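What follows is the content of model.csv, which has CSV, C-alpha atoms:
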```csv
chain,number,residue,atom,x,y,z
A,1,MET,CA,65.1,169.4,109.8
A,2,ARG,CA,62.7,167.9,107.3
A,3,ILE,CA,64.2,164.8,105.8
A,4,LEU,CA,63.0,162.7,102.9
A,5,LEU,CA,64.3,159.2,103.5
A,6,ILE,CA,64.3,157.0,100.5
A,7,GLU,CA,64.8,153.5,101.9
A,8,PRO,CA,63.3,150.4,100.2
A,9,ASP,CA,63.8,148.0,103.1
A,10,TYR,CA,60.8,148.1,105.5
A,11,VAL,CA,62.7,147.0,108.6
A,12,LEU,CA,65.7,149.3,108.1
A,13,ALA,CA,63.4,152.2,107.2
A,14,GLU,CA,61.6,151.8,110.5
A,15,THR,CA,64.9,151.7,112.5
A,16,TYR,CA,66.3,154.8,110.7
A,17,PHE,CA,62.9,156.6,111.1
A,18,LYS,CA,62.9,156.1,114.9
A,19,ALA,CA,66.6,157.1,115.3
A,20,LEU,CA,66.3,160.3,113.2
A,21,ALA,CA,63.0,161.2,114.7
A,22,ALA,CA,64.4,160.8,118.2
A,23,ALA,CA,67.2,163.2,117.1
A,24,GLY,CA,64.6,165.8,116.5
A,25,HIS,CA,64.0,165.6,112.7
A,26,ARG,CA,60.8,165.3,110.8
A,27,LEU,CA,60.8,162.5,108.3
A,28,VAL,CA,58.9,161.3,105.3
A,29,VAL,CA,59.8,157.8,104.3
A,30,CYS,CA,59.4,156.5,100.7
A,31,ALA,CA,60.3,153.1,99.3
A,32,GLY,CA,60.6,154.0,95.7
A,33,ALA,CA,61.7,156.8,93.3
A,34,GLN,CA,58.2,157.8,92.0
A,35,SER,CA,56.6,158.1,95.4
A,36,ALA,CA,59.7,160.0,96.6
A,37,VAL,CA,59.3,162.7,93.8
A,38,LEU,CA,55.7,163.2,94.9
A,39,ALA,CA,56.7,163.3,98.6
A,40,ALA,CA,59.4,165.9,97.8
A,41,ASP,CA,56.8,168.1,96.1
A,42,GLN,CA,54.4,167.8,99.0
A,43,HIS,CA,56.8,168.0,102.0
A,44,LYS,CA,59.6,170.3,100.7
A,45,PRO,CA,62.5,168.5,102.4
A,46,ASP,CA,65.7,170.2,103.6
A,47,LEU,CA,67.7,167.0,103.1
A,48,VAL,CA,67.3,163.8,101.0
A,49,ILE,CA,68.8,160.5,102.3
A,50,LEU,CA,68.9,158.2,99.3
A,51,GLU,CA,69.5,154.5,98.7
A,52,LEU,CA,70.5,153.7,95.1
A,53,GLN,CA,69.1,150.2,94.9
A,54,LEU,CA,65.4,150.7,94.5
A,55,VAL,CA,62.7,148.6,92.8
A,56,GLU,CA,62.0,149.6,89.1
A,57,HIS,CA,63.6,153.1,89.0
A,58,SER,CA,67.0,153.4,90.6
A,59,GLY,CA,68.3,156.1,92.9
A,60,ILE,CA,70.2,157.6,90.0
A,61,GLU,CA,67.0,157.9,88.0
A,62,PHE,CA,65.4,159.6,91.0
A,63,LEU,CA,68.3,162.1,91.2
A,64,TYR,CA,68.0,163.0,87.5
A,65,GLU,CA,64.3,163.6,88.0
A,66,PHE,CA,64.8,165.5,91.3
A,67,ARG,CA,67.5,167.8,89.9
A,68,SER,CA,65.4,168.6,86.8
A,69,TYR,CA,63.2,170.9,88.9
A,70,PRO,CA,64.7,174.3,89.7
A,71,GLU,CA,63.3,174.5,93.2
A,72,TRP,CA,65.1,171.3,94.2
A,73,GLN,CA,68.6,172.2,92.7
A,74,ASN,CA,70.1,173.1,96.1
A,75,ILE,CA,68.6,170.5,98.4
A,76,PRO,CA,71.4,168.4,99.7
A,77,VAL,CA,71.4,164.7,99.0
A,78,LEU,CA,73.2,162.2,101.2
A,79,LEU,CA,73.8,158.8,99.7
A,80,HIS,CA,73.3,156.1,102.2
A,81,THR,CA,73.6,152.9,100.2
A,82,VAL,CA,74.6,149.3,100.1
A,83,VAL,CA,76.6,150.0,96.9
A,84,PRO,CA,80.3,150.2,97.9
A,85,LEU,CA,82.1,153.3,96.8
A,86,ALA,CA,84.6,151.2,94.8
A,87,GLU,CA,81.9,150.2,92.4
A,88,PHE,CA,81.1,153.7,91.3
A,89,ASN,CA,84.4,154.1,89.4
A,90,THR,CA,84.1,157.3,87.3
A,91,SER,CA,80.4,157.7,88.0
A,92,TRP,CA,81.1,159.2,91.4
A,93,GLU,CA,82.2,162.4,89.7
A,94,LEU,CA,78.8,162.6,87.9
A,95,LEU,CA,77.0,162.0,91.1
A,96,GLU,CA,79.0,164.6,93.0
A,97,HIS,CA,79.2,167.4,90.4
A,98,GLU,CA,76.2,167.0,88.2
A,99,LEU,CA,73.7,165.4,90.5
A,100,GLY,CA,74.7,167.3,93.6
A,101,VAL,CA,75.4,164.4,96.0
A,102,ARG,CA,77.0,166.0,99.0
A,103,ARG,CA,78.0,163.0,101.0
A,104,TYR,CA,78.4,159.2,100.8
A,105,LEU,CA,77.8,156.6,103.5
A,106,TYR,CA,78.2,152.9,103.0
A,107,LYS,CA,75.1,151.6,104.8
A,108,PRO,CA,76.4,148.3,106.2
A,109,HIS,CA,79.3,150.2,108.0
A,110,THR,CA,77.4,153.3,109.1
A,111,ARG,CA,76.2,153.3,112.6
A,112,LEU,CA,73.0,155.1,113.6
A,113,SER,CA,75.1,157.5,115.7
A,114,GLU,CA,77.2,158.4,112.7
A,115,LEU,CA,74.2,158.9,110.4
A,116,ILE,CA,72.7,161.2,113.0
A,117,GLU,CA,76.0,163.1,113.3
A,118,GLN,CA,76.3,163.4,109.5
A,119,VAL,CA,72.7,164.6,109.1
A,120,ALA,CA,73.3,167.3,111.8
A,121,GLN,CA,76.0,168.9,109.7
A,122,PHE,CA,73.5,169.9,107.0
A,123,THR,CA,71.7,173.2,107.4
A,124,PRO,CA,68.0,173.5,106.5
A,125,VAL,CA,67.6,175.0,103.1
A,126,ALA,CA,65.3,177.8,104.4
A,127,SER,CA,68.0,179.2,106.7
A,128,GLU,CA,70.6,179.2,104.0
A,129,THR,CA,68.7,181.8,102.0
A,130,PRO,CA,68.7,185.4,103.4
B,131,MET,CA,74.8,113.4,77.4
B,132,GLN,CA,75.4,112.2,80.9
B,133,ARG,CA,74.8,114.6,83.7
B,134,GLN,CA,77.8,115.5,85.8
B,135,PRO,CA,76.5,117.1,89.0
B,136,ALA,CA,79.8,117.1,90.8
B,137,ALA,CA,81.4,119.1,88.0
B,138,LEU,CA,78.5,121.5,87.7
B,139,ALA,CA,78.1,122.3,91.3
B,140,PRO,CA,81.2,124.3,92.1
B,141,PHE,CA,80.5,126.7,89.2
B,142,LEU,CA,76.9,127.1,90.2
B,143,SER,CA,77.6,127.5,93.9
B,144,GLU,CA,80.2,130.2,93.3
B,145,GLN,CA,77.7,132.5,91.7
B,146,LEU,CA,75.1,131.6,94.2
B,147,LEU,CA,77.5,132.0,97.0
B,148,LEU,CA,78.2,135.5,95.8
B,149,SER,CA,74.4,136.3,95.8
B,150,VAL,CA,73.9,134.8,99.2
B,151,ALA,CA,76.9,136.6,100.7
B,152,GLU,CA,75.6,139.9,99.4
B,153,GLU,CA,72.1,139.1,100.5
B,154,LEU,CA,73.2,138.4,104.0
B,155,LYS,CA,74.5,141.9,104.4
B,156,LEU,CA,70.8,143.0,104.7
B,157,PRO,CA,69.9,141.0,107.8
B,158,LEU,CA,73.3,141.6,109.4
B,159,THR,CA,72.8,145.4,108.9
B,160,GLN,CA,69.3,145.1,110.3
B,161,ILE,CA,70.6,143.3,113.4
B,162,ALA,CA,73.5,145.7,113.9
B,163,ARG,CA,71.4,148.8,113.6
B,164,LYS,CA,68.5,147.4,115.7
B,165,ALA,CA,71.0,146.4,118.4
B,166,GLU,CA,72.4,149.9,118.4
B,167,GLN,CA,68.9,151.4,118.6
B,168,LEU,CA,68.0,149.1,121.6
B,169,ARG,CA,71.2,150.2,123.3
B,170,LEU,CA,70.5,153.9,122.8
B,171,THR,CA,66.9,153.7,123.9
B,172,GLY,CA,67.3,151.1,126.6
B,173,GLU,CA,64.6,148.9,125.1
B,174,THR,CA,64.9,145.2,125.9
B,175,ASP,CA,62.6,143.5,123.3
B,176,LEU,CA,65.0,141.4,121.2
B,177,SER,CA,62.3,139.6,119.2
B,178,ALA,CA,62.9,141.6,116.0
B,179,ILE,CA,66.6,140.7,116.1
B,180,GLN,CA,65.7,137.1,116.7
B,181,THR,CA,63.4,137.0,113.7
B,182,THR,CA,66.0,138.6,111.4
B,183,ALA,CA,68.7,136.2,112.6
B,184,ASP,CA,66.4,133.2,112.1
B,185,ASN,CA,65.6,134.2,108.6
B,186,ALA,CA,69.3,134.7,107.7
B,187,LEU,CA,70.1,131.2,109.1
B,188,LYS,CA,67.2,129.7,107.0
B,189,LEU,CA,68.7,131.3,103.9
B,190,LEU,CA,72.1,129.8,104.7
B,191,ASP,CA,70.6,126.4,105.4
B,192,SER,CA,68.7,126.4,102.1
B,193,TYR,CA,71.8,127.4,100.2
B,194,ILE,CA,73.7,124.6,101.8
B,195,LEU,CA,70.9,122.1,101.0
B,196,GLY,CA,70.8,123.3,97.4
B,197,VAL,CA,74.5,122.8,96.9
B,198,GLN,CA,74.4,119.4,98.7
B,199,LEU,CA,71.6,118.2,96.5
B,200,ARG,CA,73.6,119.2,93.4
B,201,LEU,CA,76.7,117.4,94.7
B,202,GLN,CA,75.0,114.3,96.0
B,203,PRO,CA,71.8,113.7,94.0
B,204,GLU,CA,71.5,110.3,95.7
B,205,GLN,CA,70.1,112.1,98.7
B,206,LEU,CA,67.1,112.9,96.7
B,207,ALA,CA,64.9,110.0,97.6
B,208,PRO,CA,61.4,111.1,96.4
B,209,GLU,CA,58.5,110.5,98.8
B,210,SER,CA,54.8,111.0,98.6
B,211,VAL,CA,54.2,114.6,99.7
B,212,SER,CA,51.1,116.5,100.5
B,213,VAL,CA,51.4,119.9,98.9
B,214,ALA,CA,48.9,121.4,101.3
B,215,SER,CA,50.9,120.3,104.3
B,216,VAL,CA,54.1,121.7,102.8
B,217,LEU,CA,52.4,125.0,102.2
B,218,TYR,CA,51.1,125.1,105.7
B,219,ASP,CA,54.5,124.4,107.2
B,220,THR,CA,56.0,127.0,104.9
B,221,GLY,CA,53.5,129.6,106.2
B,222,GLN,CA,54.4,128.7,109.8
B,223,GLN,CA,58.1,129.2,109.0
B,224,LEU,CA,57.5,132.6,107.3
B,225,ASP,CA,55.0,133.9,109.8
B,226,ALA,CA,57.4,136.0,112.0
B,227,LEU,CA,59.3,137.4,109.0
B,228,ALA,CA,56.0,138.4,107.3
B,229,LYS,CA,54.8,140.2,110.5
B,230,SER,CA,58.1,142.1,110.8
B,231,TYR,CA,57.6,143.3,107.2
B,232,GLY,CA,53.9,144.1,107.6
B,233,VAL,CA,52.9,141.5,105.1
B,234,ALA,CA,49.8,139.4,105.5
B,235,LEU,CA,50.3,135.7,104.7
B,236,GLU,CA,47.3,133.7,103.4
B,237,LEU,CA,47.0,130.0,102.7
B,238,SER,CA,44.8,129.1,99.7
B,239,VAL,CA,44.3,125.4,99.3
B,240,THR,CA,40.9,124.9,97.8
B,241,GLY,CA,39.9,121.7,96.2
B,242,ARG,CA,41.3,118.2,96.8
B,243,PHE,CA,44.8,117.5,95.5
B,244,GLY,CA,46.4,114.1,95.8
B,245,PRO,CA,50.0,113.7,96.9
B,246,VAL,CA,52.9,114.5,94.7
B,247,LEU,CA,56.3,112.8,94.3
B,248,ALA,CA,59.0,115.1,95.6
B,249,HIS,CA,61.8,115.5,98.1
B,250,ARG,CA,59.8,117.1,101.0
B,251,ARG,CA,62.7,118.9,102.7
B,252,GLY,CA,63.9,120.3,99.4
B,253,LEU,CA,60.5,121.5,98.4
B,254,GLN,CA,59.9,123.2,101.7
B,255,ALA,CA,63.3,124.8,101.8
B,256,ALA,CA,62.7,126.2,98.3
B,257,LEU,CA,59.3,127.6,99.2
B,258,VAL,CA,60.6,129.2,102.4
B,259,SER,CA,63.6,130.7,100.6
B,260,LEU,CA,61.4,132.0,97.8
B,261,GLY,CA,58.7,133.3,100.3
B,262,ALA,CA,61.3,135.2,102.4
B,263,SER,CA,62.6,136.9,99.3
B,264,LEU,CA,59.1,138.0,98.2
B,265,ILE,CA,58.2,139.2,101.7
B,266,GLU,CA,61.2,141.5,101.7
B,267,ALA,CA,60.4,142.7,98.2
B,268,LEU,CA,56.7,143.5,98.6
B,269,PRO,CA,57.0,146.7,100.8
B,270,ALA,CA,59.7,148.1,98.4
B,271,GLN,CA,57.3,148.2,95.4
B,272,GLU,CA,56.0,151.6,94.3
B,273,ASN,CA,52.4,150.7,95.1
B,274,PRO,CA,52.8,147.9,97.6
B,275,GLN,CA,50.1,145.4,98.2
B,276,LEU,CA,51.2,143.7,101.4
B,277,LYS,CA,49.6,140.4,100.8
B,278,LEU,CA,51.3,137.1,100.0
B,279,GLN,CA,49.3,133.9,99.2
B,280,LEU,CA,50.7,130.4,99.6
B,281,ALA,CA,48.6,128.5,97.1
B,282,THR,CA,48.2,125.3,95.1
B,283,HIS,CA,46.2,124.5,92.1
B,284,ARG,CA,46.1,122.1,89.2
B,285,CYS,CA,47.5,123.1,85.8
B,286,ARG,CA,47.9,121.1,82.6
B,287,TYR,CA,51.4,120.1,83.6
B,288,GLY,CA,50.6,118.9,87.1
B,289,ILE,CA,50.1,120.4,90.5
B,290,VAL,CA,51.6,123.8,91.2
B,291,ALA,CA,52.8,125.0,94.7
B,292,GLY,CA,53.7,128.6,94.8
B,293,LEU,CA,53.6,132.0,96.3
B,294,TYR,CA,51.4,134.7,94.8
B,295,SER,CA,51.0,138.5,95.1
B,296,GLU,CA,49.4,141.4,93.2
B,297,THR,CA,52.8,142.3,91.7
B,298,PRO,CA,52.5,142.1,87.9
B,299,SER,CA,56.3,142.4,87.5
B,300,LEU,CA,56.7,138.7,88.1
B,301,THR,CA,57.0,137.8,84.4
B,302,ASN,CA,58.7,134.9,82.7
B,303,GLN,CA,61.0,137.3,80.9
B,304,ALA,CA,62.1,139.0,84.2
B,305,LEU,CA,62.8,135.6,85.7
B,306,GLN,CA,64.9,134.4,82.7
B,307,ARG,CA,66.8,137.7,82.7
B,308,GLY,CA,67.3,137.4,86.5
B,309,ARG,CA,68.8,133.9,86.1
B,310,GLN,CA,71.3,135.2,83.6
B,311,LEU,CA,72.3,138.1,85.8
B,312,ALA,CA,72.4,136.3,89.1
B,313,GLY,CA,75.7,136.7,90.8
B,314,ARG,CA,76.8,139.2,88.2
B,315,SER,CA,74.4,142.1,88.8
B,316,ARG,CA,73.5,143.8,92.1
B,317,GLN,CA,69.8,143.6,91.2
B,318,PRO,CA,69.1,140.8,88.8
B,319,LEU,CA,65.4,141.1,89.5
B,320,VAL,CA,65.2,144.9,89.4
B,321,ASN,CA,61.4,145.1,88.9
B,322,LEU,CA,60.7,142.8,91.8
B,323,THR,CA,63.2,143.5,94.6
B,324,HIS,CA,65.7,146.0,95.9
B,325,THR,CA,68.0,143.1,97.0
B,326,ASN,CA,69.9,140.7,94.8
B,327,GLY,CA,67.1,138.2,95.2
B,328,ALA,CA,69.3,135.4,96.4
B,329,GLY,CA,66.3,133.6,98.0
B,330,VAL,CA,64.7,133.2,94.5
B,331,PHE,CA,67.9,131.8,93.1
B,332,VAL,CA,68.5,129.5,96.0
B,333,ALA,CA,64.9,128.1,95.5
B,334,ASP,CA,65.7,127.8,91.8
B,335,THR,CA,68.8,125.8,92.5
B,336,ILE,CA,67.1,123.4,95.0
B,337,LEU,CA,64.2,122.8,92.6
B,338,ARG,CA,66.6,122.2,89.6
B,339,ALA,CA,68.4,119.6,91.8
B,340,MET,CA,65.1,117.9,92.2
B,341,ASN,CA,64.5,118.0,88.5
B,342,LEU,CA,61.8,120.6,88.9
B,343,ARG,CA,61.7,124.2,87.6
B,344,LEU,CA,60.8,127.4,89.2
B,345,ARG,CA,58.1,129.0,87.0
B,346,THR,CA,56.1,132.1,86.8
B,347,SER,CA,52.4,131.3,87.3
B,348,ARG,CA,49.0,132.8,88.0
B,349,HIS,CA,46.6,131.9,90.7
B,350,HIS,CA,43.3,133.5,90.2
B,351,ARG,CA,44.2,137.2,89.6
B,352,LEU,CA,47.5,137.0,91.4
B,353,TYR,CA,51.0,136.7,90.0
B,354,GLY,CA,53.6,134.4,91.4
B,355,LEU,CA,56.4,131.9,91.3
B,356,GLY,CA,56.0,128.2,91.9
B,357,ALA,CA,57.0,124.6,91.2
B,358,VAL,CA,55.1,122.2,89.1
B,359,MET,CA,55.0,118.6,90.3
B,360,GLN,CA,53.6,115.4,89.1
B,361,PRO,CA,50.8,113.8,91.1
B,362,ASN,CA,51.6,110.5,92.7
B,363,TYR,CA,49.0,108.3,91.0
B,364,GLN,CA,50.0,105.2,92.8
B,365,MET,CA,49.2,106.7,96.1
B,366,GLN,CA,45.8,107.9,94.8
B,367,LEU,CA,44.8,104.3,94.1
B,368,ILE,CA,45.3,103.2,97.7
```

Kindly return the structure encoded in the file as structure tokens.
Amino acid sequence: MRILLIEPDYVLAETYFKALAAAGHRLVVCAGAQSAVLAADQHKPDLVILELQLVEHSGIEFLYEFRSYPEWQNIPVLLHTVVPLAEFNTSWELLEHELGVRRYLYKPHTRLSELIEQVAQFTPVASETP
Amino acid sequence: MQRQPAALAPFLSEQLLLSVAEELKLPLTQIARKAEQLRLTGETDLSAIQTTADNALKLLDSYILGVQLRLQPEQLAPESVSVASVLYDTGQQLDALAKSYGVALELSVTGRFGPVLAHRRGLQAALVSLGASLIEALPAQENPQLKLQLATHRCRYGIVAGLYSETPSLTNQALQRGRQLAGRSRQPLVNLTHTNGAGVFVADTILRAMNLRLRTSRHHRLYGLGAVMQPNYQMQLI
């Protein structure tokens, strides 16, 4: 699967890259929202793994931009973030229903094995369309 | 009005403690995931974990020093300090972390500067804490320039010791806003770092305890944060 990994921390990005690549996925890693939009256009990902806390533009801003393009409406987004679910309050519904976030993982508590397992449950976009 | 450090400290340390606690989740997550990766791949090189743990311990030590200096200002015996030597030692302490983040550290001490009057341990802890925060922040920028300069220069207020990069988001306004939001917002320095920037606020606390201020400053064409200190004229006469 082609994965766009949006992870601002250099050390964590390297670790996630190695683990997901070893699981057979092809990855593009971006640290920020702007470069992620460009990377999505170039690499046509099947899945986006997104951290919300980014420099300058937040992960939410990325999602609004990302979902504004018709060709990216159905690409699943997995939130893998340091923001605890309890802090979302009512905005979780917005993320889930309007911005198409399919799954949430709290980064400090998510092991690599669990991340790999969760990613494996997504089907590449190309194989979903007949 | 008389200063009451003992009364101020608990309030300050609670907000700062919140920032530090949140900040420590990053190195702990790095260690946990890296350890898992090593276990899965059978690798035996633990140096990355050691660097991360060392850095987390330094942040904790700096936090403790900041609070101690606020609680017991009598510990702040000023001494004659060579800024160049403090910057050199700071560079040594940050070297491993900078390498793990792919950041090149440079030391820029051109010209002769006499000693300044400061609390050496405090100054060094503040610069290390600040430097670690900036090192983590640089690769997260949209157009990262992975270079951090430890530099000193003379300004009209005294001698500046600071850390500089090509990141123009280090403005006075951003720093002021960050101070107001520290401990209350997840990203008080949103244009600078993806973390909560605890290292910057720990440095700020230590410098305040030393009656110094963390300021935005320019060094040649670079942007940065630093402390302004007064030269020790007595020592220069000797």

Legend entry - Contact residues (chain A, partner chain B, 10 Å, all atoms listed in the file) as a PyMOL selection string: chain A and resi 7-16+18-19+22+30-36+51-58+82-83+107-113

Legend entry - Residue among B:Leu280, B:Leu293, B:Ala234, B:Leu195 lying closest to Ala214 of chain B, counting only C-alpha atoms: B:Leu280

Inset, instruction - Just give me the gap between atom CA of Tyr193 of chain B and atom CA of Arg343 of chain B in Å, one decimal is fine. - result: 16.5 Å

Inset, instruction - Could you tell me how far atom CA of Leu247 of chain B lies from atom CA of Ser215 of chain B, in Å and to one decimal? - result: 13.6 Å

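One distance worth recording is that between atom CA of Ile3 of chain A and atom CA of Val37 of chain A, which is 13.1 Å.
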
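Close contacts of Leu95 of chain A, defined as residues with an atom at most 12 Å away when counting all atoms listed in the file, with chain neighbours fewer than 3 positions off set aside, comprise Leu52, Gly59, Ile60, Glu61, Phe62, Leu63, Tyr64, Arg67, Val77, Leu78, Leu79, Leu85, Phe88, Asn89, Thr90, Ser91, Trp92, Glu98, Leu99, Gly100, Val101, Arg102, Arg103 and Tyr104 of chain A.
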